[in-house]
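Printed here is structure28.tsv (TSV, C-alpha atoms (C1' of nucleotides)):
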```tsv
chain	number	residue	atom	x	y	z
A	770	MET	CA	-21.73	-59.77	41.48
A	771	PHE	CA	-19.35	-59.95	38.58
A	772	VAL	CA	-18.42	-63.30	37.13
A	773	PRO	CA	-14.97	-63.91	35.61
A	774	ALA	CA	-14.23	-64.08	31.92
A	775	GLY	CA	-12.49	-67.38	32.65
A	776	SER	CA	-13.36	-70.97	32.08
A	777	GLU	CA	-15.48	-72.01	35.06
A	778	ASP	CA	-18.79	-71.04	33.52
A	779	MET	CA	-20.93	-73.80	34.90
A	780	LYS	CA	-19.57	-73.86	38.40
A	781	ALA	CA	-19.67	-70.09	38.58
A	782	SER	CA	-23.21	-69.98	37.29
A	783	ILE	CA	-24.39	-72.29	40.00
A	784	ALA	CA	-22.52	-70.39	42.68
A	785	VAL	CA	-23.97	-67.12	41.49
A	786	LYS	CA	-27.47	-68.56	41.45
A	787	GLU	CA	-27.05	-69.65	45.04
A	788	ALA	CA	-25.71	-66.37	46.23
A	789	SER	CA	-27.71	-63.88	44.26
A	790	ALA	CA	-31.34	-63.99	45.26
A	791	GLY	CA	-32.67	-60.53	44.51
A	792	ASP	CA	-29.75	-59.27	42.49
A	793	GLU	CA	-30.32	-57.20	39.39
A	794	HIS	CA	-26.90	-56.56	37.94
A	795	ASP	CA	-25.76	-60.16	37.99
A	796	HIS	CA	-23.97	-62.57	35.86
A	797	GLU	CA	-24.09	-61.05	32.42
A	798	ALA	CA	-22.80	-57.80	33.89
A	799	CYS	CA	-19.98	-59.71	35.52
A	800	ARG	CA	-18.79	-61.45	32.43
A	801	ALA	CA	-19.10	-58.33	30.34
A	802	LEU	CA	-17.26	-56.23	32.87
A	803	GLY	CA	-14.56	-58.83	33.19
A	804	GLN	CA	-14.11	-58.79	29.47
A	805	ILE	CA	-13.82	-55.07	29.01
A	806	LEU	CA	-11.43	-54.82	31.93
A	807	ASP	CA	-9.29	-57.35	30.13
A	808	ARG	CA	-9.48	-55.13	27.10
A	809	VAL	CA	-9.08	-51.79	28.78
A	810	GLY	CA	-7.20	-52.69	31.92
A	811	ASP	CA	-3.80	-53.07	30.32
A	812	LYS	CA	-1.05	-50.56	30.71
A	813	TRP	CA	-1.76	-48.23	27.77
A	814	THR	CA	-5.25	-48.64	26.33
A	815	VAL	CA	-6.96	-46.09	28.51
A	816	MET	CA	-4.18	-43.60	27.90
A	817	ALA	CA	-4.59	-44.01	24.18
A	818	VAL	CA	-8.34	-43.51	24.35
A	819	GLY	CA	-7.83	-40.49	26.54
A	820	ALA	CA	-5.28	-38.99	24.18
A	821	LEU	CA	-7.57	-39.54	21.22
A	822	SER	CA	-10.60	-38.13	23.04
A	823	LYS	CA	-9.61	-34.65	21.89
A	824	GLY	CA	-9.37	-35.58	18.24
A	825	PRO	CA	-7.37	-37.62	15.73
A	826	LEU	CA	-3.64	-37.95	16.22
A	827	ARG	CA	-0.74	-39.36	14.29
A	828	PHE	CA	1.31	-42.19	15.68
A	829	ASN	CA	4.19	-40.15	16.96
A	830	ALA	CA	1.99	-37.37	18.29
A	831	LEU	CA	0.09	-40.01	20.21
A	832	MET	CA	3.35	-41.38	21.52
A	833	ARG	CA	4.49	-37.98	22.76
A	834	THR	CA	1.11	-37.17	24.24
A	835	ILE	CA	0.90	-40.38	26.21
A	836	GLY	CA	4.49	-40.24	27.33
A	837	GLY	CA	6.51	-43.21	28.50
A	838	VAL	CA	5.00	-45.72	26.10
A	839	SER	CA	7.34	-47.72	23.92
A	840	HIS	CA	6.99	-47.77	20.16
A	841	ARG	CA	6.15	-51.42	20.27
A	842	MET	CA	3.47	-51.22	22.93
A	843	LEU	CA	1.74	-48.30	21.31
A	844	THR	CA	1.50	-50.26	18.09
A	845	LEU	CA	0.07	-53.27	19.85
A	846	THR	CA	-2.35	-51.15	21.86
A	847	LEU	CA	-3.64	-49.38	18.76
A	848	ARG	CA	-3.96	-52.66	16.89
A	849	GLY	CA	-6.12	-54.00	19.67
A	850	LEU	CA	-8.31	-50.93	19.74
A	851	GLU	CA	-8.69	-51.05	16.00
A	852	ARG	CA	-9.61	-54.71	16.12
A	853	ASP	CA	-12.33	-53.99	18.64
A	854	GLY	CA	-13.72	-51.15	16.58
A	855	LEU	CA	-12.78	-48.43	19.04
A	856	VAL	CA	-10.39	-46.57	16.77
A	857	THR	CA	-9.90	-46.23	13.05
A	858	ARG	CA	-6.51	-46.24	11.41
A	859	THR	CA	-6.06	-44.15	8.28
A	860	ALA	CA	-2.78	-44.43	6.40
A	861	TYR	CA	-1.85	-41.71	3.91
A	862	PRO	CA	0.59	-43.15	1.39
A	863	THR	CA	2.81	-40.09	1.41
A	864	ILE	CA	6.52	-39.87	1.95
A	865	PRO	CA	7.19	-40.00	4.78
A	866	PRO	CA	4.17	-42.09	5.70
A	867	LYS	CA	1.49	-40.53	7.82
A	868	VAL	CA	-1.04	-42.50	9.81
A	869	GLU	CA	-3.89	-41.02	11.72
A	870	TYR	CA	-5.79	-42.66	14.53
A	871	GLU	CA	-9.24	-41.54	15.52
A	872	LEU	CA	-11.88	-42.74	17.93
A	873	THR	CA	-14.95	-44.31	16.38
A	874	PRO	CA	-18.38	-43.49	17.82
A	875	LEU	CA	-18.04	-46.68	19.81
A	876	GLY	CA	-14.68	-45.52	21.11
A	877	ARG	CA	-16.07	-42.13	22.04
A	878	SER	CA	-18.92	-43.77	23.90
A	879	LEU	CA	-16.34	-45.29	26.22
A	880	ILE	CA	-15.04	-41.91	27.33
A	881	GLU	CA	-17.94	-41.11	29.59
A	882	PRO	CA	-17.80	-44.36	31.63
A	883	LEU	CA	-14.08	-43.86	31.98
A	884	ARG	CA	-14.62	-40.34	33.16
A	885	VAL	CA	-16.97	-41.59	35.84
A	886	LEU	CA	-14.27	-43.93	37.00
A	887	SER	CA	-11.59	-41.25	36.92
A	888	GLY	CA	-13.90	-39.01	38.92
A	889	TRP	CA	-14.08	-41.68	41.56
A	890	ALA	CA	-10.32	-42.06	41.39
A	891	ILE	CA	-9.62	-38.38	41.91
A	892	GLU	CA	-12.07	-38.12	44.74
A	893	ASN	CA	-10.88	-41.17	46.60
A	894	ARG	CA	-7.20	-41.41	45.91
A	895	PRO	CA	-6.28	-39.49	49.05
A	896	ALA	CA	-8.29	-41.87	51.20
A	897	ILE	CA	-6.71	-44.85	49.50
A	898	GLU	CA	-3.23	-43.50	49.99
A	899	LEU	CA	-3.87	-42.83	53.64
A	900	SER	CA	-5.23	-46.33	54.06
A	901	ARG	CA	-2.19	-47.79	52.37
A	902	ALA	CA	0.20	-45.85	54.53
A	903	ALA	CA	-1.64	-46.92	57.68
A	904	PHE	CA	-1.74	-50.55	56.56
A	905	ASP	CA	1.95	-50.59	55.75
A	906	ARG	CA	2.80	-48.92	59.03
A	907	ALA	CA	0.78	-51.51	60.91
A	908	GLY	CA	2.79	-54.29	59.25
A	909	GLU	CA	5.97	-52.71	60.75
B	467	MET	CA	-6.43	-37.16	28.22
B	468	PHE	CA	-5.20	-39.65	30.78
B	469	VAL	CA	-1.58	-39.60	31.87
B	470	PRO	CA	0.23	-42.82	32.83
B	471	ALA	CA	1.03	-43.85	36.39
B	472	GLY	CA	4.58	-44.47	35.21
B	473	SER	CA	7.83	-42.63	35.56
B	474	GLU	CA	7.85	-40.02	32.82
B	475	ASP	CA	6.10	-37.36	34.83
B	476	MET	CA	7.89	-34.33	33.53
B	477	LYS	CA	7.94	-35.28	29.89
B	478	ALA	CA	4.32	-36.34	30.05
B	479	SER	CA	3.33	-33.14	31.79
B	480	ILE	CA	4.86	-31.07	29.05
B	481	ALA	CA	3.34	-33.15	26.32
B	482	VAL	CA	-0.07	-32.89	27.93
B	483	LYS	CA	0.25	-29.16	28.31
B	484	GLU	CA	1.01	-28.87	24.62
B	485	ALA	CA	-1.83	-31.06	23.53
B	486	SER	CA	-4.57	-30.10	25.90
B	487	ALA	CA	-5.65	-26.54	25.32
B	488	GLY	CA	-9.25	-26.41	26.43
B	489	ASP	CA	-9.40	-29.73	28.20
B	490	GLU	CA	-11.15	-30.04	31.52
B	491	HIS	CA	-10.53	-33.59	32.62
B	492	ASP	CA	-6.81	-33.53	32.10
B	493	HIS	CA	-3.72	-34.66	33.77
B	494	GLU	CA	-4.80	-35.31	37.32
B	495	ALA	CA	-7.67	-37.40	35.99
B	496	CYS	CA	-5.22	-39.35	33.87
B	497	ARG	CA	-2.83	-40.23	36.64
B	498	ALA	CA	-5.65	-41.04	39.01
B	499	LEU	CA	-7.40	-43.22	36.47
B	500	GLY	CA	-4.17	-44.97	35.61
B	501	GLN	CA	-3.65	-45.74	39.25
B	502	ILE	CA	-7.06	-47.16	39.98
B	503	LEU	CA	-6.91	-49.25	36.84
B	504	ASP	CA	-3.68	-50.67	38.15
B	505	ARG	CA	-5.50	-51.40	41.37
B	506	VAL	CA	-8.76	-52.67	39.92
B	507	GLY	CA	-7.73	-53.90	36.50
B	508	ASP	CA	-6.18	-57.14	37.66
B	509	LYS	CA	-7.78	-60.49	37.17
B	510	TRP	CA	-9.84	-60.79	40.36
B	511	THR	CA	-10.31	-57.48	42.17
B	512	VAL	CA	-13.49	-56.45	40.43
B	513	MET	CA	-14.96	-59.90	40.90
B	514	ALA	CA	-14.26	-59.70	44.61
B	515	VAL	CA	-15.87	-56.27	44.93
B	516	GLY	CA	-18.84	-57.50	42.94
B	517	ALA	CA	-19.23	-60.58	45.10
B	518	LEU	CA	-19.05	-58.50	48.26
B	519	SER	CA	-21.49	-55.92	46.95
B	520	LYS	CA	-24.35	-58.03	48.25
B	521	GLY	CA	-22.98	-58.28	51.75
B	522	PRO	CA	-20.17	-59.77	53.83
B	523	LEU	CA	-18.80	-63.17	52.87
B	524	ARG	CA	-16.37	-65.64	54.32
B	525	PHE	CA	-13.25	-66.60	52.47
B	526	ASN	CA	-14.47	-69.85	51.01
B	527	ALA	CA	-17.90	-68.50	50.19
B	528	LEU	CA	-16.20	-65.72	48.30
B	529	MET	CA	-14.09	-68.26	46.51
B	530	ARG	CA	-17.10	-70.29	45.43
B	531	THR	CA	-19.05	-67.20	44.44
B	532	ILE	CA	-16.30	-65.85	42.24
B	533	GLY	CA	-15.47	-69.20	40.73
B	534	GLY	CA	-12.22	-70.09	39.08
B	535	VAL	CA	-10.00	-68.11	41.41
B	536	SER	CA	-7.17	-69.90	43.14
B	537	HIS	CA	-6.79	-69.88	46.87
B	538	ARG	CA	-3.59	-67.94	46.57
B	539	MET	CA	-4.89	-65.24	44.26
B	540	LEU	CA	-7.99	-64.63	46.33
B	541	THR	CA	-5.82	-64.08	49.38
B	542	LEU	CA	-3.59	-61.64	47.53
B	543	THR	CA	-6.56	-59.83	46.03
B	544	LEU	CA	-8.25	-59.43	49.39
B	545	ARG	CA	-5.02	-58.28	51.01
B	546	GLY	CA	-4.73	-55.57	48.38
B	547	LEU	CA	-8.31	-54.44	48.85
B	548	GLU	CA	-7.85	-54.36	52.59
B	549	ARG	CA	-4.68	-52.35	52.28
B	550	ASP	CA	-6.46	-49.78	50.17
B	551	GLY	CA	-9.33	-49.52	52.60
B	552	LEU	CA	-11.92	-51.02	50.27
B	553	VAL	CA	-12.69	-54.07	52.40
B	554	THR	CA	-12.44	-54.96	56.05
B	555	ARG	CA	-11.25	-58.31	57.28
B	556	THR	CA	-12.73	-59.66	60.49
B	557	ALA	CA	-11.29	-62.85	61.94
B	558	TYR	CA	-13.30	-64.77	64.52
B	559	PRO	CA	-10.93	-66.85	66.63
B	560	THR	CA	-13.17	-69.88	66.60
B	561	ILE	CA	-12.33	-73.41	65.65
B	562	PRO	CA	-12.33	-73.77	62.76
B	563	PRO	CA	-11.36	-70.19	62.04
B	564	LYS	CA	-13.89	-67.95	60.38
B	565	VAL	CA	-12.97	-64.80	58.53
B	566	GLU	CA	-15.45	-62.37	57.08
B	567	TYR	CA	-14.78	-59.83	54.40
B	568	GLU	CA	-16.98	-56.82	53.92
B	569	LEU	CA	-16.89	-53.74	51.74
B	570	THR	CA	-16.15	-50.47	53.51
B	571	PRO	CA	-18.12	-47.34	52.56
B	572	LEU	CA	-15.21	-46.52	50.28
B	573	GLY	CA	-15.46	-49.94	48.70
B	574	ARG	CA	-19.20	-49.59	48.23
B	575	SER	CA	-18.70	-46.22	46.58
B	576	LEU	CA	-16.76	-48.01	43.86
B	577	ILE	CA	-19.71	-50.17	42.89
B	578	GLU	CA	-21.58	-47.47	41.05
B	579	PRO	CA	-18.71	-46.44	38.75
B	580	LEU	CA	-18.12	-50.10	38.02
B	581	ARG	CA	-21.74	-50.57	37.21
B	582	VAL	CA	-21.57	-47.73	34.72
B	583	LEU	CA	-18.69	-49.48	33.06
B	584	SER	CA	-20.42	-52.84	33.07
B	585	GLY	CA	-23.46	-51.16	31.54
B	586	TRP	CA	-21.28	-49.95	28.72
B	587	ALA	CA	-19.79	-53.41	28.43
B	588	ILE	CA	-23.13	-55.16	28.14
B	589	GLU	CA	-24.44	-52.69	25.66
B	590	ASN	CA	-21.41	-52.73	23.40
B	591	ARG	CA	-20.01	-56.19	23.65
B	592	PRO	CA	-21.90	-57.41	20.61
B	593	ALA	CA	-20.50	-54.57	18.50
B	594	ILE	CA	-17.01	-55.32	19.75
B	595	GLU	CA	-17.31	-58.99	18.97
B	596	LEU	CA	-18.56	-58.28	15.48
B	597	SER	CA	-15.70	-55.89	14.92
B	598	ARG	CA	-13.22	-58.46	16.13
B	599	ALA	CA	-14.59	-61.15	13.91
B	600	ALA	CA	-14.49	-58.81	10.89
B	601	PHE	CA	-10.95	-57.70	11.70
B	602	ASP	CA	-9.73	-61.26	12.08
B	603	ARG	CA	-11.43	-62.32	8.87
B	604	ALA	CA	-9.79	-59.44	7.02
B	605	GLY	CA	-6.38	-60.64	8.22
B	606	GLU	CA	-7.13	-64.02	6.53
C	1027	DC	C1'	7.35	-41.72	9.93
C	1028	DA	C1'	5.21	-46.00	10.92
C	1029	DG	C1'	5.58	-50.80	11.59
C	1030	DT	C1'	7.75	-55.36	12.47
C	1031	DA	C1'	10.86	-58.80	14.60
C	1032	DT	C1'	13.84	-60.47	18.15
C	1033	DC	C1'	15.47	-60.76	22.53
C	1034	DC	C1'	15.11	-60.96	27.35
C	1035	DG	C1'	14.08	-59.47	32.13
C	1036	DA	C1'	10.05	-58.78	35.08
C	1037	DT	C1'	5.66	-59.83	36.53
C	1038	DT	C1'	1.61	-62.69	36.72
C	1039	DG	C1'	-0.92	-66.35	38.42
C	1040	DG	C1'	-1.93	-71.46	38.99
C	1041	DA	C1'	-0.65	-75.89	41.45
C	1042	DT	C1'	0.82	-77.82	45.38
C	1043	DA	C1'	2.05	-78.59	50.00
C	1044	DC	C1'	2.44	-77.09	54.52
C	1045	DT	C1'	0.92	-74.45	59.13
C	1046	DG	C1'	-2.30	-72.84	63.07
D	1295	DC	C1'	-11.18	-72.93	57.51
D	1296	DA	C1'	-7.91	-69.50	56.37
D	1297	DG	C1'	-3.34	-68.28	55.28
D	1298	DT	C1'	1.54	-68.80	53.75
D	1299	DA	C1'	5.51	-70.45	50.99
D	1300	DT	C1'	7.59	-72.47	47.00
D	1301	DC	C1'	7.85	-73.55	42.45
D	1302	DC	C1'	7.27	-72.77	37.70
D	1303	DA	C1'	4.95	-71.78	33.07
D	1304	DA	C1'	2.99	-68.11	30.58
D	1305	DT	C1'	2.46	-63.62	29.54
D	1306	DC	C1'	3.85	-58.76	29.50
D	1307	DG	C1'	6.42	-55.16	28.08
D	1308	DG	C1'	10.87	-52.47	27.27
D	1309	DA	C1'	15.15	-52.04	24.32
D	1310	DT	C1'	16.97	-52.50	20.13
D	1311	DA	C1'	17.55	-53.04	15.35
D	1312	DC	C1'	15.76	-53.48	10.93
D	1313	DT	C1'	12.24	-52.50	6.76
D	1314	DG	C1'	9.27	-49.69	3.35
```

Go through the file and emit its structure as structure tokens.
Amino acid sequence: MFVPAGSEDMKASIAVKEASAGDEHDHEACRALGQILDRVGDKWTVMAVGALSKGPLRFNALMRTIGGVSHRMLTLTLRGLERDGLVTRTAYPTIPPKVEYELTPLGRSLIEPLRVLSGWAIENRPAIELSRAAFDRAGE
Amino acid sequence: MFVPAGSEDMKASIAVKEASAGDEHDHEACRALGQILDRVGDKWTVMAVGALSKGPLRFNALMRTIGGVSHRMLTLTLRGLERDGLVTRTAYPTIPPKVEYELTPLGRSLIEPLRVLSGWAIENRPAIELSRAAFDRAGE
DNA sequence: CAGTATCCGATTGGATACTG
DNA sequence: CAGTATCCAATCGGATACTG
């Protein structure tokens, strides 16, 4: 299974041990997955990576491409990605200023896993929506 | 790229059109990915799916296996997964009550994409942590 | 153009207590 | 044992206004 990024390390470890006889993708996978979902699961990170997957973009171009993101959140999102080594930020000291963002190799390596997930999403969204509708109908 | 699940459909559509000449995983992929990340990117959903990937579990077993999740949040998480057709809930009207949760075929089909992502996470977490440390050091 | 700061409403999620 | 309801602190994220 996948263990949380949270604080209960010891308790969780024991629980996992108990429950996981014969499991190969345990524990470490869980914590790691929890962590990147914390990183990537926010409102705009994946959009930013997706927008940059086609090549470098300037701040405002990125903002228009993503659509619906506030100035503030895009800045914060990019700062986080830069911190984690997924994008580079290159500022040209011209007037007016010009700043380009580009995926690093590490950032590009994330595209494929995300594409797998989006493939699943596209394929299964209809089923999910049907299930939701049925569930909500059942609840009157 | 990957379009947001938000409200700016038309604007985003136009922006994407402009920016995406020659892109194959566009638009629909973006919205779909945004949506499942909203579904799966919360604090506990992935943990629950991971815990159930080995077989059905009762509520409290699930709680112990995941570790660190509150009673309330596990209930909400499972309700969401049930609504989306990713898990089934089976209540045995015994005393004391016994409720089993189990992944549906749809839920199981999500495991593989998640494993791809967790593979990426395991492989690249060290690089990310180094980058973070360097970034934070640079900021004094 | 890019980035920062402030404000504030909305959402998240834990603790707790109560029900069948 | 499983689920629900209430309360509340913390975080998230949009709007706005200001700086180089």

Near chain A, meaning an atom within 8 Å, which residues of chain C appear when counting all atoms listed in the file? Write them as a ChimeraX atom specification.
/C:1027-1029

Output for the residues just chosen: C-alpha atoms (C1' of nucleotides) as a PDB file, in the coordinates of the input:
```
ATOM      1  C1'  DC C1027       7.350 -41.720   9.930  1.00  0.00           C
ATOM      2  C1'  DA C1028       5.210 -46.000  10.920  1.00  0.00           C
ATOM      3  C1'  DG C1029       5.580 -50.800  11.590  1.00  0.00           C
TER       4       DG C1029
END
```

With 12 Å as the cut-off and only C-alpha atoms (C1' of nucleotides) counted, what is the closest atom pair between each nearby residue of chain D and chain A? Distances in Å to one decimal, ordered by chain and number, as a tab-separated table.
```
residue	atom	partner	partner_atom	distance
D:DC1306	C1'	A:Asp811	CA	9.6
D:DG1307	C1'	A:Met842	CA	7.1
D:DG1308	C1'	A:Ser839	CA	6.8
D:DA1309	C1'	A:Ser839	CA	8.9
D:DT1310	C1'	A:Arg841	CA	10.9
D:DG1314	C1'	A:Pro866	CA	9.4
```

Counting all atoms listed in the file, the residue of B:Leu499, B:Val506, B:Met529, B:Leu547 that sits nearest chain A
B:Leu499

Which residues of chain A come within 6 Å of chain B, and what is each one's closest atom pair and distance in Å (one decimal), counting all atoms listed in the file, sorted by chain and residue number, as a Markdown table?
```
| residue | atom | partner | partner_atom | distance |
| --- | --- | --- | --- | --- |
| A:Met770 | CA | B:Gly516 | CA | 4.0 |
| A:Phe771 | CA | B:Met513 | CA | 5.0 |
| A:Glu777 | CA | B:Gly534 | CA | 5.5 |
| A:Ala781 | CA | B:Gly533 | CA | 4.8 |
| A:Ala784 | CA | B:Thr531 | CA | 5.0 |
| A:Val785 | CA | B:Thr531 | CA | 5.7 |
| A:Ala798 | CA | B:Ser584 | CA | 5.6 |
| A:Ala801 | CA | B:Ala587 | CA | 5.3 |
| A:Leu802 | CA | B:Ser584 | CA | 4.6 |
| A:Leu806 | CA | B:Gly507 | CA | 6.0 |
| A:Gly810 | CA | B:Gly507 | CA | 4.8 |
| A:Met816 | CA | B:Phe468 | CA | 5.0 |
| A:Gly819 | CA | B:Met467 | CA | 4.0 |
| A:Ala820 | CA | B:Met467 | CA | 4.6 |
| A:Thr834 | CA | B:Ala481 | CA | 5.0 |
| A:Gly836 | CA | B:Ala478 | CA | 4.8 |
| A:Gly837 | CA | B:Glu474 | CA | 5.5 |
| A:Arg852 | CA | B:Arg598 | CA | 5.2 |
| A:Asp853 | CA | B:Ile594 | CA | 5.0 |
| A:Gly854 | CA | B:Ser597 | CA | 5.4 |
| A:Pro882 | CA | B:Leu583 | CA | 5.4 |
| A:Val885 | CA | B:Pro579 | CA | 5.9 |
| A:Leu886 | CA | B:Pro579 | CA | 5.4 |
| A:Ser887 | CA | B:Leu499 | CA | 4.7 |
| A:Ala890 | CA | B:Ala498 | CA | 5.3 |
| A:Ile891 | CA | B:Ala498 | CA | 5.6 |
| A:Ile897 | CA | B:Asp550 | CA | 5.0 |
| A:Ser900 | CA | B:Asp550 | CA | 5.3 |
| A:Arg901 | CA | B:Arg549 | CA | 5.2 |
| A:Phe904 | CA | B:Arg549 | CA | 5.5 |
```

Fit chain A to chain B, all Cα atoms paired in order, least squares. Then write it as a short mmCIF file (atom, residue, chain, number, x, y, z; two decimals) with C-alpha atoms, in the frame of the given file.
```cif
data_model
loop_
_atom_site.label_atom_id
_atom_site.label_comp_id
_atom_site.auth_asym_id
_atom_site.auth_seq_id
_atom_site.Cartn_x
_atom_site.Cartn_y
_atom_site.Cartn_z
CA MET A 770 -6.37 -37.18 28.18
CA PHE A 771 -5.16 -39.63 30.76
CA VAL A 772 -1.54 -39.61 31.81
CA PRO A 773 0.23 -42.83 32.86
CA ALA A 774 1.03 -43.80 36.41
CA GLY A 775 4.59 -44.38 35.21
CA SER A 776 7.81 -42.50 35.58
CA GLU A 777 7.83 -39.92 32.79
CA ASP A 778 6.11 -37.21 34.78
CA MET A 779 7.93 -34.22 33.43
CA LYS A 780 7.99 -35.19 29.80
CA ALA A 781 4.36 -36.23 29.95
CA SER A 782 3.36 -33.02 31.65
CA ILE A 783 4.89 -30.96 28.91
CA ALA A 784 3.34 -33.08 26.20
CA VAL A 785 -0.06 -32.81 27.82
CA LYS A 786 0.28 -29.05 28.15
CA GLU A 787 1.03 -28.81 24.46
CA ALA A 788 -1.83 -30.98 23.40
CA SER A 789 -4.55 -30.02 25.79
CA ALA A 790 -5.63 -26.45 25.21
CA GLY A 791 -9.22 -26.31 26.40
CA ASP A 792 -9.32 -29.64 28.16
CA GLU A 793 -11.10 -30.00 31.47
CA HIS A 794 -10.53 -33.56 32.56
CA ASP A 795 -6.78 -33.54 32.08
CA HIS A 796 -3.73 -34.68 33.77
CA GLU A 797 -4.81 -35.33 37.32
CA ALA A 798 -7.68 -37.42 35.99
CA CYS A 799 -5.22 -39.37 33.88
CA ARG A 800 -2.86 -40.23 36.66
CA ALA A 801 -5.68 -41.07 39.02
CA LEU A 802 -7.41 -43.24 36.48
CA GLY A 803 -4.19 -44.98 35.63
CA GLN A 804 -3.67 -45.74 39.26
CA ILE A 805 -7.06 -47.19 40.00
CA LEU A 806 -6.92 -49.28 36.85
CA ASP A 807 -3.68 -50.69 38.17
CA ARG A 808 -5.50 -51.45 41.37
CA VAL A 809 -8.74 -52.71 39.94
CA GLY A 810 -7.69 -53.94 36.54
CA ASP A 811 -6.15 -57.19 37.70
CA LYS A 812 -7.76 -60.53 37.20
CA TRP A 813 -9.84 -60.82 40.39
CA THR A 814 -10.32 -57.51 42.18
CA VAL A 815 -13.49 -56.48 40.44
CA MET A 816 -14.96 -59.93 40.93
CA ALA A 817 -14.27 -59.74 44.62
CA VAL A 818 -15.87 -56.32 44.93
CA GLY A 819 -18.83 -57.54 42.96
CA ALA A 820 -19.23 -60.62 45.12
CA LEU A 821 -19.05 -58.53 48.27
CA SER A 822 -21.49 -55.93 46.94
CA LYS A 823 -24.36 -58.03 48.26
CA GLY A 824 -22.99 -58.29 51.76
CA PRO A 825 -20.18 -59.78 53.84
CA LEU A 826 -18.82 -63.17 52.89
CA ARG A 827 -16.41 -65.66 54.35
CA PHE A 828 -13.28 -66.62 52.50
CA ASN A 829 -14.51 -69.86 51.07
CA ALA A 830 -17.95 -68.51 50.24
CA LEU A 831 -16.22 -65.74 48.34
CA MET A 832 -14.11 -68.30 46.55
CA ARG A 833 -17.14 -70.31 45.47
CA THR A 834 -19.08 -67.23 44.47
CA ILE A 835 -16.32 -65.88 42.28
CA GLY A 836 -15.52 -69.23 40.76
CA GLY A 837 -12.25 -70.14 39.12
CA VAL A 838 -10.03 -68.14 41.46
CA SER A 839 -7.20 -69.94 43.18
CA HIS A 840 -6.82 -69.92 46.94
CA ARG A 841 -3.62 -67.99 46.62
CA MET A 842 -4.91 -65.29 44.32
CA LEU A 843 -8.00 -64.68 46.37
CA THR A 844 -5.84 -64.13 49.42
CA LEU A 845 -3.61 -61.70 47.59
CA THR A 846 -6.57 -59.88 46.06
CA LEU A 847 -8.27 -59.46 49.43
CA ARG A 848 -5.04 -58.32 51.04
CA GLY A 849 -4.73 -55.62 48.43
CA LEU A 850 -8.29 -54.48 48.87
CA GLU A 851 -7.86 -54.40 52.61
CA ARG A 852 -4.68 -52.40 52.29
CA ASP A 853 -6.45 -49.82 50.17
CA GLY A 854 -9.32 -49.55 52.61
CA LEU A 855 -11.90 -51.06 50.30
CA VAL A 856 -12.70 -54.09 52.42
CA THR A 857 -12.45 -54.98 56.07
CA ARG A 858 -11.25 -58.33 57.30
CA THR A 859 -12.74 -59.67 60.52
CA ALA A 860 -11.29 -62.85 61.97
CA TYR A 861 -13.31 -64.78 64.55
CA PRO A 862 -10.94 -66.87 66.64
CA THR A 863 -13.19 -69.91 66.62
CA ILE A 864 -12.36 -73.45 65.67
CA PRO A 865 -12.37 -73.80 62.78
CA PRO A 866 -11.38 -70.22 62.05
CA LYS A 867 -13.89 -67.97 60.39
CA VAL A 868 -13.00 -64.80 58.56
CA GLU A 869 -15.47 -62.39 57.12
CA TYR A 870 -14.79 -59.84 54.43
CA GLU A 871 -16.99 -56.83 53.94
CA LEU A 872 -16.91 -53.75 51.76
CA THR A 873 -16.15 -50.49 53.52
CA PRO A 874 -18.10 -47.37 52.57
CA LEU A 875 -15.20 -46.54 50.29
CA GLY A 876 -15.46 -49.97 48.71
CA ARG A 877 -19.19 -49.61 48.24
CA SER A 878 -18.69 -46.25 46.59
CA LEU A 879 -16.76 -48.03 43.87
CA ILE A 880 -19.71 -50.20 42.90
CA GLU A 881 -21.58 -47.50 41.07
CA PRO A 882 -18.69 -46.46 38.76
CA LEU A 883 -18.11 -50.11 38.02
CA ARG A 884 -21.74 -50.58 37.21
CA VAL A 885 -21.56 -47.73 34.73
CA LEU A 886 -18.67 -49.48 33.07
CA SER A 887 -20.41 -52.85 33.06
CA GLY A 888 -23.45 -51.17 31.54
CA TRP A 889 -21.27 -49.96 28.72
CA ALA A 890 -19.78 -53.42 28.42
CA ILE A 891 -23.13 -55.16 28.13
CA GLU A 892 -24.42 -52.68 25.64
CA ASN A 893 -21.39 -52.71 23.40
CA ARG A 894 -20.00 -56.19 23.64
CA PRO A 895 -21.91 -57.38 20.58
CA ALA A 896 -20.49 -54.56 18.49
CA ILE A 897 -17.00 -55.29 19.74
CA GLU A 898 -17.31 -58.96 18.96
CA LEU A 899 -18.56 -58.25 15.48
CA SER A 900 -15.69 -55.85 14.93
CA ARG A 901 -13.21 -58.43 16.13
CA ALA A 902 -14.59 -61.11 13.87
CA ALA A 903 -14.48 -58.77 10.88
CA PHE A 904 -10.94 -57.66 11.70
CA ASP A 905 -9.72 -61.21 12.07
CA ARG A 906 -11.43 -62.25 8.86
CA ALA A 907 -9.79 -59.38 7.02
CA GLY A 908 -6.36 -60.58 8.20
CA GLU A 909 -7.10 -63.95 6.47
#
```

Point-to-point distance from atom CA of Ala907 of chain A to atom CA of Leu542 of chain B, Å rounded to tenths:
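Computing it gives 17.3 Å between the two atoms.
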